[in-house]
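Chemist: I have a structure I would like to understand better, so I am pasting it below and will then ask my questions one at a time.
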Amino acid sequence: MSNFPPLKLSVDELKAVSLECRRDILTMLEKAQSGHPGGSLSAIDLVTALFFHEMRMDPKNSQWEDRDRFVLSKGHGVPALYAVLAKRGAIPHADLATLRRINSRLQGHPDRVLLPFVEASTGSLGQGLSIAQGIALALKLQKKSSRVFCLMGDGETQEGQVWETAMSAPKFRLNNLVAILDNNNGQIDGHVTEVMDLEPIAEKWRAFNWAVQEINGHSFPEIIAALEKSRTEKEKPTLILARTVKGKGVSFMENQIGWHGVAPNAEELKKALQELQGGKS
């Protein structure tokens, strides 16, 4: 049916890709001396699984009409997306060095106009799921089989607009919509559980009539199983609650709120890359 089926990389292959992307994320952030390492590292395994195992896409044609769509609602985590797009061959790897520079296609938040592989310009938190729902509904009306994946941060789901979509997506039976919640329990002001606790998260989304799955967001077998299960859903949108670690893979960044939006310096980058060279992820 598709000229560009999912790659379906193995678990070991996904781990290798994710590890390389972690290195790229930190390298580009250090060069830019600006950006968000914590949430990029917590999300990279999820984004890697989507682009290298689950999604249909043509790396040479961002407008292929039968592609699956990815909306990065937590726009500040876009270094993860850039690293994956480069690894997938959609953008030149050399472009990563231009992160956050004036006139670069790789801005600090995803820009749909500058980079067509970005499905939506995001970064005003809480809006991505609404955009993803609109795309999913349009695809349904066009009788397309394409699916829409939306990656959200847990802090942004404190926004009311998210819950308006949580109500409406089940009403329209958008089984082609998969929301993935990067639940790393960290936002710029502190731990999510202390700023505005979301728990019980799973029960809330189930009450809104979503098909909810809870997984370890760093376990590729669990990520793959959840995505495969979402394909079998016939009536409801899916919410994948991915429990993750902010700054995952770098010991001095893990679970440290201070690394939400601070780029590493040269010495910190060297230390982080040494850890990642050892295969931690």
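Residue numbering restarts at 1 in every chain; chains get A, B, ... in the order shown in the structure tokens, and ligands count up from 1 in that same order.
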If we count only C-alpha atoms, what is near segment 193-198 of chain A at a cut-off of 10 Å, once residues fewer than 3 positions away on the same chain are taken out, given as a PyMOL selection string?
Modeler: chain A and resi 154-155+157-158+183+185-190+201-202+204
Chemist: Go ahead and dump the residues you just picked, C-alpha atoms, as a PDB file, in the first residue's frame.
Modeler:
ATOM      1  CA  ASP A 154       3.871  16.732  31.009  1.00  0.00           C
ATOM      2  CA  GLY A 155       4.212  20.334  32.149  1.00  0.00           C
ATOM      3  CA  THR A 157      -0.649  19.362  29.860  1.00  0.00           C
ATOM      4  CA  GLN A 158      -1.441  21.720  32.714  1.00  0.00           C
ATOM      5  CA  ASN A 183       6.267  12.221  31.601  1.00  0.00           C
ATOM      6  CA  ASN A 185       8.229  15.143  35.919  1.00  0.00           C
ATOM      7  CA  GLY A 186      10.217  18.273  35.135  1.00  0.00           C
ATOM      8  CA  GLN A 187       9.335  21.756  33.913  1.00  0.00           C
ATOM      9  CA  ILE A 188      11.147  25.075  34.085  1.00  0.00           C
ATOM     10  CA  ASP A 189       9.701  25.994  37.498  1.00  0.00           C
ATOM     11  CA  GLY A 190      10.387  22.675  39.176  1.00  0.00           C
ATOM     12  CA  ILE A 201      -2.703  10.891  34.819  1.00  0.00           C
ATOM     13  CA  ALA A 202      -3.789   7.547  33.338  1.00  0.00           C
ATOM     14  CA  LYS A 204      -7.890  11.098  33.874  1.00  0.00           C
TER      15      LYS A 204
END
Chemist: Would you kindly return, as number ranges by chain, each protein, DNA or RNA residue with an atom no farther than 12 Å from any atom of Leu137 of chain A, considering only C-alpha atoms and excluding same-chain residues fewer than 4 positions away?
Modeler: A: 130-133, 141-148, 165, 168-177, 237
Chemist: Measure the distance from atom CA of Gly38 of chain A to atom CA of Glu164 of chain A in Å and round it to one decimal.
Modeler: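 One can read the atom CA of Gly38 of chain A to atom CA of Glu164 of chain A distance as 27.7 Å.
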Chemist: What's the separation between atom CA of Gly153 of chain A and atom CA of Leu46 of chain A, in Å to one decimal place?
Modeler: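 These two atoms are separated by 12.1 Å.
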Chemist: Run DSSP on the backbone and give me the residues of segment 8-237 of chain A it puts in alpha helix (DSSP H), as a ChimeraX atom specification.
Modeler: /A:11-32,37-49,78-88,128-141,160-171,192-195,201-207,220-231
Chemist: Counting only C-alpha atoms, figure out which residue out of A:Lys270, A:Thr238, A:Gln161, A:Ala49 gets nearest to Trp205 of chain A.
Modeler: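 Ranked by minimum distance to Trp205 of chain A, first place goes to A:Thr238.
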Chemist: Extract, using only C-alpha atoms, all DNA, RNA and protein residues at most 9 Å from Leu106 of chain A, discarding same-chain residues fewer than 2 positions from it, and format them as an mmCIF file with C-alpha atoms, in the first residue's frame.
Modeler:
data_model
loop_
_atom_site.group_PDB
_atom_site.id
_atom_site.type_symbol
_atom_site.label_atom_id
_atom_site.label_comp_id
_atom_site.auth_asym_id
_atom_site.auth_seq_id
_atom_site.Cartn_x
_atom_site.Cartn_y
_atom_site.Cartn_z
ATOM 1 C CA VAL A 78 13.143 20.059 19.014
ATOM 2 C CA PRO A 79 16.877 19.137 19.150
ATOM 3 C CA TYR A 82 16.504 17.589 14.392
ATOM 4 C CA ASP A 95 22.825 21.480 9.467
ATOM 5 C CA LEU A 96 22.846 20.480 13.138
ATOM 6 C CA THR A 98 23.476 25.783 12.708
ATOM 7 C CA LEU A 99 21.035 25.285 15.590
ATOM 8 C CA ARG A 100 19.518 28.605 16.747
ATOM 9 C CA ARG A 101 21.580 30.698 14.361
ATOM 10 C CA ASN A 103 18.434 32.430 9.218
ATOM 11 C CA SER A 104 19.002 28.756 10.086
ATOM 12 C CA GLY A 108 15.091 26.840 18.887
ATOM 13 C CA HIS A 109 11.470 25.839 18.337
ATOM 14 C CA PRO A 110 10.212 24.028 15.215
ATOM 15 C CA ASP A 111 9.361 26.305 12.290
ATOM 16 C CA LEU A 114 11.650 27.183 7.348
ATOM 17 C CA LEU A 115 11.721 23.378 7.608
#
Chemist: Quick one: pull the distance between atom CA of His93 of chain A and atom CA of Ser62 of chain A, Å, one decimal.
Modeler: 16.8 Å
Chemist: Could you check which of A:Val71, A:Leu7, A:Val250, A:Val192 is closest to Glu156 of chain A, using only C-alpha atoms?
Modeler: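 Result for the nearest residue to Glu156 of chain A: A:Val192.
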Chemist: Using only C-alpha atoms, determine which residues lie at most 9 Å from His36 of chain A, disregarding the query and same-chain residues fewer than 2 positions distant; provide the list as a ChimeraX atom specification.
Modeler: /A:29,34,38-41,76-79,108,259-263
Chemist: Would you please work out which residue, of A:Lys87, A:Ile135, A:Leu269, A:Thr48, is nearest to Val11 of chain A when using only C-alpha atoms?
Modeler: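 Distance minimum relative to Val11 of chain A lands on A:Thr48.
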Chemist: Would you please work out which residue, of A:Leu241, A:Met55, A:Met152, A:Ile44, is nearest to Pro6 of chain A when using only C-alpha atoms?
Modeler: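 Comparing A:Leu241, A:Met55, A:Met152, A:Ile44 against Pro6 of chain A, the winner is A:Met55.
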Chemist: Which residue, A:Leu129, A:Pro92, A:Glu13, A:Ile25, has the smallest gap to Ala166 of chain A when you use only C-alpha atoms?
Modeler: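 Closest to Ala166 of chain A of all the choices is A:Leu129.
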Chemist: With only C-alpha atoms as the basis for distance, which of A:Glu119, A:Glu228, A:Asp58, A:Asp68 is at the shortest distance from Gly89 of chain A?
Modeler: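 Result for the nearest residue to Gly89 of chain A: A:Asp58.
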Chemist: Quick one: pick out all strand (DSSP E) residues within segment 15-262 of chain A from a backbone DSSP run and write them as a list in words.
Modeler: Arg69, Phe70, Val71, Leu72, Val148, Phe149, Cys150, Leu151, Met152, Gly153, Leu177, Val178, Ala179, Ile180, Leu181, Asp182, Asn183, Ala211, Val212, Gln213, Glu214, Ile215, Asn216, Thr238, Leu239, Ile240, Leu241, Ala242 and Arg243 of chain A
Chemist: How would the residues just picked look written out with N, CA and C atoms as an mmCIF file, in the first residue's frame?
Modeler:
data_model
loop_
_atom_site.group_PDB
_atom_site.id
_atom_site.type_symbol
_atom_site.label_atom_id
_atom_site.label_comp_id
_atom_site.auth_asym_id
_atom_site.auth_seq_id
_atom_site.Cartn_x
_atom_site.Cartn_y
_atom_site.Cartn_z
ATOM 1 N N ARG A 69 2.094 11.675 10.189
ATOM 2 C CA ARG A 69 2.470 13.004 10.663
ATOM 3 C C ARG A 69 2.972 12.954 12.108
ATOM 4 N N PHE A 70 3.956 13.818 12.399
ATOM 5 C CA PHE A 70 4.479 13.951 13.756
ATOM 6 C C PHE A 70 4.411 15.410 14.170
ATOM 7 N N VAL A 71 3.699 15.673 15.256
ATOM 8 C CA VAL A 71 3.598 17.027 15.799
ATOM 9 C C VAL A 71 4.329 17.054 17.139
ATOM 10 N N LEU A 72 5.355 17.889 17.234
ATOM 11 C CA LEU A 72 6.106 18.031 18.473
ATOM 12 C C LEU A 72 5.498 19.182 19.267
ATOM 13 N N VAL A 148 -1.438 10.139 12.938
ATOM 14 C CA VAL A 148 -0.858 11.363 13.489
ATOM 15 C C VAL A 148 -0.365 11.085 14.899
ATOM 16 N N PHE A 149 0.901 11.418 15.135
ATOM 17 C CA PHE A 149 1.516 11.224 16.444
ATOM 18 C C PHE A 149 1.863 12.588 17.022
ATOM 19 N N CYS A 150 1.487 12.809 18.263
ATOM 20 C CA CYS A 150 1.756 14.080 18.929
ATOM 21 C C CYS A 150 2.511 13.830 20.219
ATOM 22 N N LEU A 151 3.717 14.382 20.319
ATOM 23 C CA LEU A 151 4.523 14.242 21.526
ATOM 24 C C LEU A 151 4.337 15.471 22.409
ATOM 25 N N MET A 152 3.860 15.246 23.629
ATOM 26 C CA MET A 152 3.601 16.332 24.566
ATOM 27 C C MET A 152 4.533 16.231 25.768
ATOM 28 N N GLY A 153 4.813 17.383 26.377
ATOM 29 C CA GLY A 153 5.491 17.388 27.657
ATOM 30 C C GLY A 153 4.465 17.331 28.769
ATOM 31 N N LEU A 177 -5.205 9.011 15.816
ATOM 32 C CA LEU A 177 -4.456 9.978 16.608
ATOM 33 C C LEU A 177 -3.814 9.285 17.815
ATOM 34 N N VAL A 178 -2.501 9.450 17.937
ATOM 35 C CA VAL A 178 -1.761 8.880 19.065
ATOM 36 C C VAL A 178 -1.027 10.011 19.778
ATOM 37 N N ALA A 179 -1.428 10.290 21.007
ATOM 38 C CA ALA A 179 -0.727 11.267 21.835
ATOM 39 C C ALA A 179 0.262 10.526 22.718
ATOM 40 N N ILE A 180 1.482 11.033 22.776
ATOM 41 C CA ILE A 180 2.521 10.427 23.603
ATOM 42 C C ILE A 180 2.944 11.462 24.639
ATOM 43 N N LEU A 181 2.792 11.121 25.891
ATOM 44 C CA LEU A 181 3.117 12.043 26.974
ATOM 45 C C LEU A 181 4.500 11.720 27.539
ATOM 46 N N ASP A 182 5.442 12.636 27.324
ATOM 47 C CA ASP A 182 6.800 12.491 27.848
ATOM 48 C C ASP A 182 6.770 12.916 29.316
ATOM 49 N N ASN A 183 6.489 11.958 30.180
ATOM 50 C CA ASN A 183 6.267 12.221 31.601
ATOM 51 C C ASN A 183 7.593 12.129 32.367
ATOM 52 N N ALA A 211 -7.877 5.467 24.800
ATOM 53 C CA ALA A 211 -7.242 4.179 25.041
ATOM 54 C C ALA A 211 -5.856 4.473 25.612
ATOM 55 N N VAL A 212 -5.647 4.161 26.873
ATOM 56 C CA VAL A 212 -4.434 4.563 27.585
ATOM 57 C C VAL A 212 -3.501 3.374 27.792
ATOM 58 N N GLN A 213 -2.222 3.603 27.535
ATOM 59 C CA GLN A 213 -1.186 2.624 27.821
ATOM 60 C C GLN A 213 -0.098 3.307 28.637
ATOM 61 N N GLU A 214 0.409 2.618 29.638
ATOM 62 C CA GLU A 214 1.496 3.143 30.459
ATOM 63 C C GLU A 214 2.758 2.335 30.191
ATOM 64 N N ILE A 215 3.853 3.032 29.878
ATOM 65 C CA ILE A 215 5.088 2.340 29.524
ATOM 66 C C ILE A 215 6.307 3.041 30.125
ATOM 67 N N ASN A 216 7.419 2.336 30.085
ATOM 68 C CA ASN A 216 8.728 2.919 30.341
ATOM 69 C C ASN A 216 9.171 3.564 29.033
ATOM 70 N N THR A 238 -5.480 7.211 21.099
ATOM 71 C CA THR A 238 -4.607 6.549 22.070
ATOM 72 C C THR A 238 -3.740 7.564 22.804
ATOM 73 N N LEU A 239 -3.593 7.357 24.101
ATOM 74 C CA LEU A 239 -2.643 8.131 24.910
ATOM 75 C C LEU A 239 -1.604 7.148 25.437
ATOM 76 N N ILE A 240 -0.353 7.342 25.048
ATOM 77 C CA ILE A 240 0.745 6.541 25.571
ATOM 78 C C ILE A 240 1.431 7.356 26.658
ATOM 79 N N LEU A 241 1.272 6.927 27.878
ATOM 80 C CA LEU A 241 1.878 7.596 29.025
ATOM 81 C C LEU A 241 3.271 7.012 29.219
ATOM 82 N N ALA A 242 4.277 7.767 28.782
ATOM 83 C CA ALA A 242 5.650 7.282 28.810
ATOM 84 C C ALA A 242 6.382 7.876 30.010
ATOM 85 N N ARG A 243 6.687 7.033 30.965
ATOM 86 C CA ARG A 243 7.441 7.480 32.137
ATOM 87 C C ARG A 243 8.908 7.588 31.735
#
